[in-house]
Amino acid sequence: MVKVVFKRPEALTETPTHYCPGCTHGIIHRLVAEVVDELSIRECTIGVAPVGCAVFAYDYFNFDCTEAAHGRAPAVATGIKRVRPDKVVFTYQGDGDLAAIGMAEIVHAAIRGEQITVIFVNNAVYGMTGGQMAPTTLAGQYSTSTPGGRDVKAAGNPVRICELLAQQDGPAYIARVAVNNPPNVAKAKSAIKLGFRAQLAGLGFSLVEVLSSCPVGWRMRPIEALTWLAENMIPHYPLGEYRVSEELTKLRG
C-alpha cells in the first residue's frame with residue numbers, strides 16, 4: 001500500500017501559476033494554503049489580492065478572494081471583516097503595493113488594530129513592471145530605474161515596515177521571515193500560522209513580512225538570487241518577531 005506523504009493543499013487550486021522561474025511567490029502561496037488547511041478555515045477564509053506580481057492570487061487559492069486597487073487591500077479587508085466578523089480575512093501584498101501607494105492604508109489599519117492578517121512579500125523591487133526601484137530597494141541596489149544603484153541622498157532610505165508598525169499599539173503580531181532555505185521556510189510557515197491564530201483569537205492586527213527573491217527583476221539566476229537575499233536582504237531586514245501581544249504569547253504557550 002502506498003502512503004501519501006506529500007500532496008497539494010486543499011486550499012490551492014490546480015491552476016498553473018504565472019510566476020517567473022525562481023520566484024518564491026509559489027512557496028509563500030503554498031504556506032498560506034497549508035496553514036488554512038491545518039486551521040480548518042478554508043470555508044470561512046476570504047483573501048484580498050493586490051496589484052503587482054500576485055494580482056492573480058485569486059486564481060490559485062481555493063477559497064473566496066477579491067481584488068483591490070493599488071495599495072487598498074487593507075481598506076478592502078477592513079470593510080469585509082467589519083461586515084462579516086465571522087470570516088477570516090487576509091491580504092496578500094507586495095512591497096510596491098503595500099509600502100508605496102498603500103503606505104497610509106497599512107499604517108492606519110495597524111494603528112486601528114483591525115482584525116485582519118497581512119502577508120507582506122518583500123522582494124525589494126517592482127517585479128511585475130520591470131524591476132524598478134521600490135520603497136524597500138536596498139541602498140546601492142541596482143534596478144532598472146536606479147542603474148547606478150540606489151542613492152539614498154537622492155531617493156531616500158529603504159523602509160522597514162516591521163520596525164515601523166511594531167511601534168504602534170494596534171498590532172497583535174508583527175514578524176519578518178524569509179523563504180531562502182528549508183529551515184527558514186519552516187519558520188515562515190509557523191509565523192504565518194501565528195498571524196492567522198491572532199485573528200482567530202480576536203487579538204488584533206497581524207502582519208508577516210516574507211523576504212522573497214526576484215531573479216528576473218534582479219537579473220540573476222534563481223540560486224544566485226537566493227544567495228543574494230541571504231547575504232544582502234537579511235542583514236538589512238533582520239528576521240524575527242517584532243511584536244507579540246501578551247495575549248498571543250499566552251495562546252502560543
# chains A, B, ... in the order shown; residues from 1 in each chain; ligands from 1
>>> closest_atom_pairs(of="stretch 70-134 of chain A", to="stretch 150-165 of chain A", cutoff="8 Å", atoms="only C-alpha atoms", output="Markdown table")
| residue | atom | partner | partner_atom | distance |
| --- | --- | --- | --- | --- |
| A:Ala99 | CA | A:Ile161 | CA | 7.4 |
| A:Val107 | CA | A:Leu165 | CA | 6.7 |
| A:Ala110 | CA | A:Leu165 | CA | 6.7 |
| A:Ile111 | CA | A:Leu165 | CA | 7.9 |
| A:Met133 | CA | A:Arg150 | CA | 7.7 |
>>> write_last_selection(atoms="N, CA, C and O atoms", output="mmCIF file, in the first residue's frame")
data_model
loop_
_atom_site.group_PDB
_atom_site.id
_atom_site.type_symbol
_atom_site.label_atom_id
_atom_site.label_comp_id
_atom_site.auth_asym_id
_atom_site.auth_seq_id
_atom_site.Cartn_x
_atom_site.Cartn_y
_atom_site.Cartn_z
ATOM 1 N N ALA A 99 4.050 49.187 0.515
ATOM 2 C CA ALA A 99 4.943 50.185 1.115
ATOM 3 C C ALA A 99 5.031 51.481 0.317
ATOM 4 O O ALA A 99 5.647 52.437 0.783
ATOM 5 N N VAL A 107 -0.569 51.492 7.487
ATOM 6 C CA VAL A 107 -0.247 52.106 8.776
ATOM 7 C C VAL A 107 -1.521 52.312 9.603
ATOM 8 O O VAL A 107 -1.571 51.967 10.792
ATOM 9 N N ALA A 110 -3.066 49.086 10.865
ATOM 10 C CA ALA A 110 -2.304 48.579 12.019
ATOM 11 C C ALA A 110 -2.609 49.394 13.271
ATOM 12 O O ALA A 110 -2.808 48.834 14.354
ATOM 13 N N ILE A 111 -2.644 50.702 13.141
ATOM 14 C CA ILE A 111 -2.912 51.561 14.298
ATOM 15 C C ILE A 111 -4.299 51.276 14.880
ATOM 16 O O ILE A 111 -4.486 51.231 16.096
ATOM 17 N N MET A 133 12.952 50.583 -8.923
ATOM 18 C CA MET A 133 13.172 50.801 -7.503
ATOM 19 C C MET A 133 11.843 50.825 -6.741
ATOM 20 O O MET A 133 10.888 51.478 -7.177
#
>>> residues_around(residues="stretch 29-43 of chain A", least_positions_apart="5", cutoff="9 Å", atoms="only C-alpha atoms", output="number ranges by chain")
A: 8-12, 24, 57, 60-64, 87-88, 119, 185-186, 188-190, 192-193, 196-197
>>> residues_around(residues="A:Asn122", least_positions_apart="2", cutoff="7 Å", atoms="only C-alpha atoms", output="JSON, numbers by chain")
{"A": [94, 95, 120, 124, 209, 210, 211, 212]}
>>> residues_around(residues="A:Ala175", least_positions_apart="6", cutoff="8 Å", atoms="only C-alpha atoms", output="VMD selection string")
chain A and resid 162 191 207 to 209 239 to 243
>>> residues_around(residues="A:Leu248", least_positions_apart="4", cutoff="8 Å", atoms="only C-alpha atoms", output="ChimeraX atom specification")
/A:172-173,198,203,244,252
>>> closest_atom_pairs(of="stretch 106-179 of chain A", to="stretch 44-55 of chain A", cutoff="10 Å", atoms="only C-alpha atoms", output="Markdown table")
| residue | atom | partner | partner_atom | distance |
| --- | --- | --- | --- | --- |
| A:Thr117 | CA | A:Gly47 | CA | 9.6 |
| A:Val118 | CA | A:Val48 | CA | 9.4 |
| A:Val121 | CA | A:Ala54 | CA | 9.4 |
| A:Tyr126 | CA | A:Gly52 | CA | 7.6 |
| A:Gly127 | CA | A:Cys53 | CA | 6.6 |
| A:Met128 | CA | A:Cys53 | CA | 5.0 |
| A:Thr129 | CA | A:Gly52 | CA | 7.7 |
>>> select_by_dssp(residues="stretch 11-104 of chain A", states="strand (DSSP E)", output="list in words")
Thr45, Ile46, Gly47, Val48, Ala49, Asp64, Cys65, Thr66, Glu67, Val88, Val89, Phe90, Thr91, Tyr92, Gln93 and Gly94 of chain A
>>> residues_around(residues="A:Thr78", least_positions_apart="3", cutoff="9 Å", atoms="only C-alpha atoms", output="mmCIF file with all heavy atoms, in the first residue's frame")
data_model
loop_
_atom_site.group_PDB
_atom_site.id
_atom_site.type_symbol
_atom_site.label_atom_id
_atom_site.label_comp_id
_atom_site.auth_asym_id
_atom_site.auth_seq_id
_atom_site.Cartn_x
_atom_site.Cartn_y
_atom_site.Cartn_z
ATOM 1 N N ALA A 73 -5.707 47.132 -0.419
ATOM 2 C CA ALA A 73 -6.096 45.831 0.135
ATOM 3 C C ALA A 73 -6.441 45.895 1.630
ATOM 4 O O ALA A 73 -7.434 45.295 2.049
ATOM 5 C CB ALA A 73 -4.986 44.806 -0.122
ATOM 6 N N PRO A 74 -5.665 46.621 2.467
ATOM 7 C CA PRO A 74 -6.049 46.681 3.893
ATOM 8 C C PRO A 74 -7.406 47.357 4.102
ATOM 9 O O PRO A 74 -8.159 46.960 5.010
ATOM 10 C CB PRO A 74 -4.920 47.506 4.526
ATOM 11 C CG PRO A 74 -3.757 47.316 3.605
ATOM 12 C CD PRO A 74 -4.360 47.263 2.233
ATOM 13 N N ALA A 75 -7.722 48.350 3.288
ATOM 14 C CA ALA A 75 -9.017 49.023 3.422
ATOM 15 C C ALA A 75 -10.148 48.086 2.997
ATOM 16 O O ALA A 75 -11.201 48.021 3.647
ATOM 17 C CB ALA A 75 -9.032 50.299 2.574
ATOM 18 N N LYS A 81 -14.090 42.485 6.829
ATOM 19 C CA LYS A 81 -14.058 41.944 8.199
ATOM 20 C C LYS A 81 -15.100 42.605 9.091
ATOM 21 O O LYS A 81 -15.706 41.947 9.948
ATOM 22 C CB LYS A 81 -12.655 42.121 8.787
ATOM 23 C CG LYS A 81 -12.462 41.493 10.156
ATOM 24 C CD LYS A 81 -12.474 39.972 10.102
ATOM 25 C CE LYS A 81 -12.239 39.370 11.478
ATOM 26 N NZ LYS A 81 -12.146 37.903 11.436
ATOM 27 N N ARG A 82 -15.310 43.888 8.900
ATOM 28 C CA ARG A 82 -16.296 44.571 9.755
ATOM 29 C C ARG A 82 -17.724 44.145 9.416
ATOM 30 O O ARG A 82 -18.583 44.091 10.297
ATOM 31 C CB ARG A 82 -16.140 46.092 9.608
ATOM 32 C CG ARG A 82 -14.861 46.612 10.258
ATOM 33 C CD ARG A 82 -14.845 48.121 10.349
ATOM 34 N NE ARG A 82 -13.627 48.609 11.009
ATOM 35 C CZ ARG A 82 -13.485 49.841 11.472
ATOM 36 N NH1 ARG A 82 -14.473 50.721 11.344
ATOM 37 N NH2 ARG A 82 -12.361 50.211 12.053
ATOM 38 N N VAL A 83 -17.951 43.850 8.139
ATOM 39 C CA VAL A 83 -19.282 43.394 7.747
ATOM 40 C C VAL A 83 -19.491 41.929 8.114
ATOM 41 O O VAL A 83 -20.570 41.525 8.533
ATOM 42 C CB VAL A 83 -19.487 43.599 6.224
ATOM 43 C CG1 VAL A 83 -20.786 42.946 5.752
ATOM 44 C CG2 VAL A 83 -19.508 45.083 5.888
ATOM 45 N N VAL A 89 -10.061 36.974 7.319
ATOM 46 C CA VAL A 89 -9.747 37.847 6.184
ATOM 47 C C VAL A 89 -8.257 38.171 6.177
ATOM 48 O O VAL A 89 -7.694 38.565 7.210
ATOM 49 C CB VAL A 89 -10.572 39.153 6.254
ATOM 50 C CG1 VAL A 89 -10.300 40.016 5.022
ATOM 51 C CG2 VAL A 89 -12.056 38.838 6.376
ATOM 52 N N ALA A 109 -4.474 50.821 9.241
ATOM 53 C CA ALA A 109 -5.098 49.540 9.606
ATOM 54 C C ALA A 109 -4.395 48.958 10.830
ATOM 55 O O ALA A 109 -5.046 48.409 11.729
ATOM 56 C CB ALA A 109 -5.024 48.567 8.436
ATOM 57 N N GLU A 114 -7.040 46.589 13.269
ATOM 58 C CA GLU A 114 -8.053 45.851 12.517
ATOM 59 C C GLU A 114 -7.814 44.348 12.631
ATOM 60 O O GLU A 114 -6.681 43.885 12.608
ATOM 61 C CB GLU A 114 -8.033 46.268 11.042
ATOM 62 C CG GLU A 114 -8.400 47.728 10.798
ATOM 63 C CD GLU A 114 -9.853 48.053 11.133
ATOM 64 O OE1 GLU A 114 -10.653 47.107 11.271
ATOM 65 O OE2 GLU A 114 -10.177 49.246 11.247
ATOM 66 N N GLN A 115 -8.885 43.606 12.708
ATOM 67 C CA GLN A 115 -8.796 42.154 12.912
ATOM 68 C C GLN A 115 -8.545 41.432 11.588
ATOM 69 O O GLN A 115 -9.333 40.579 11.154
ATOM 70 C CB GLN A 115 -10.091 41.656 13.556
ATOM 71 C CG GLN A 115 -10.430 42.320 14.876
ATOM 72 C CD GLN A 115 -9.560 41.822 16.023
ATOM 73 O OE1 GLN A 115 -8.993 40.735 15.965
ATOM 74 N NE2 GLN A 115 -9.440 42.610 17.072
ATOM 75 N N ILE A 116 -7.448 41.790 10.946
ATOM 76 C CA ILE A 116 -7.089 41.165 9.673
ATOM 77 C C ILE A 116 -5.638 40.685 9.747
ATOM 78 O O ILE A 116 -4.878 41.111 10.616
ATOM 79 C CB ILE A 116 -7.253 42.135 8.485
ATOM 80 C CG1 ILE A 116 -6.308 43.347 8.635
ATOM 81 C CG2 ILE A 116 -8.702 42.603 8.358
ATOM 82 C CD1 ILE A 116 -6.293 44.281 7.430
#
>>> select_by_dssp(residues="stretch 16-228 of chain A", states="alpha helix (DSSP H)", output="ChimeraX atom specification")
/A:25-38,57-60,73-83,95-96,103-112,152-155,161-165,182-200,215-218,222-228
>>> write_last_selection(atoms="C-alpha atoms", output="compact mmCIF listing (two decimals), in the first residue's frame")
# COMPACT_ATOMS: atom_id res chain seq x y z
CA HIS A 25 5.61 33.51 -4.53
CA GLY A 26 4.72 29.86 -5.18
CA ILE A 27 6.32 28.77 -1.90
CA ILE A 28 4.52 31.50 0.01
CA HIS A 29 1.18 30.64 -1.61
CA ARG A 30 1.65 27.05 -0.54
CA LEU A 31 2.50 28.04 3.05
CA VAL A 32 -0.67 30.13 3.29
CA ALA A 33 -2.71 27.26 1.83
CA GLU A 34 -1.19 24.71 4.23
CA VAL A 35 -1.97 26.96 7.19
CA VAL A 36 -5.56 27.46 6.02
CA ASP A 37 -5.97 23.69 5.72
CA GLU A 38 -4.36 22.93 9.08
CA ALA A 57 -3.61 35.14 -6.48
CA TYR A 58 -7.37 34.67 -6.55
CA ASP A 59 -6.87 32.05 -9.30
CA TYR A 60 -4.54 29.97 -7.16
CA ALA A 73 -6.10 45.83 0.13
CA PRO A 74 -6.05 46.68 3.89
CA ALA A 75 -9.02 49.02 3.42
CA VAL A 76 -10.94 46.39 1.44
CA ALA A 77 -10.09 43.73 4.03
CA THR A 78 -11.20 46.06 6.82
CA GLY A 79 -14.58 46.54 5.16
CA ILE A 80 -15.08 42.81 4.64
CA LYS A 81 -14.06 41.94 8.20
CA ARG A 82 -16.30 44.57 9.75
CA VAL A 83 -19.28 43.39 7.75
CA ASP A 95 6.33 45.79 -1.35
CA GLY A 96 5.33 48.15 -4.13
CA MET A 103 1.56 53.05 2.99
CA ALA A 104 -1.29 55.06 4.52
CA GLU A 105 -3.69 52.13 4.38
CA ILE A 106 -1.35 49.67 6.07
CA VAL A 107 -0.25 52.11 8.78
CA HIS A 108 -3.77 53.11 9.74
CA ALA A 109 -5.10 49.54 9.61
CA ALA A 110 -2.30 48.58 12.02
CA ILE A 111 -2.91 51.56 14.30
CA ARG A 112 -6.63 50.78 14.45
CA VAL A 152 19.87 57.37 -0.57
CA LYS A 153 20.73 61.06 -0.84
CA ALA A 154 18.50 61.29 -3.91
CA ALA A 155 15.96 58.51 -3.32
CA ILE A 161 7.79 48.01 7.59
CA CYS A 162 8.01 45.64 10.57
CA GLU A 163 10.01 48.10 12.64
CA LEU A 164 7.58 50.89 11.70
CA LEU A 165 4.37 49.03 12.54
CA PRO A 182 14.21 24.93 4.08
CA PRO A 183 14.75 25.94 7.76
CA ASN A 184 13.57 29.46 7.02
CA VAL A 185 10.59 28.15 5.04
CA ALA A 186 9.54 26.14 8.11
CA LYS A 187 9.87 29.25 10.32
CA ALA A 188 7.89 31.27 7.78
CA LYS A 189 5.02 28.80 7.97
CA SER A 190 5.00 28.98 11.77
CA ALA A 191 4.84 32.78 11.66
CA ILE A 192 2.03 32.79 9.08
CA LYS A 193 0.09 30.34 11.21
CA LEU A 194 0.53 32.50 14.31
CA GLY A 195 -0.64 35.53 12.33
CA PHE A 196 -3.87 33.74 11.46
CA ARG A 197 -4.26 32.46 15.01
CA ALA A 198 -4.03 36.04 16.28
CA GLN A 199 -7.01 36.93 14.10
CA LEU A 200 -8.95 33.81 15.09
CA PRO A 215 15.58 36.56 -10.11
CA VAL A 216 14.26 38.28 -13.24
CA GLY A 217 13.98 41.72 -11.65
CA TRP A 218 17.40 41.31 -10.05
CA PRO A 222 17.45 31.56 -9.18
CA ILE A 223 20.12 30.09 -6.89
CA GLU A 224 22.20 33.24 -7.14
CA ALA A 225 19.12 35.25 -6.15
CA LEU A 226 18.57 33.17 -3.00
CA THR A 227 22.21 33.69 -2.05
CA TRP A 228 21.88 37.43 -2.67
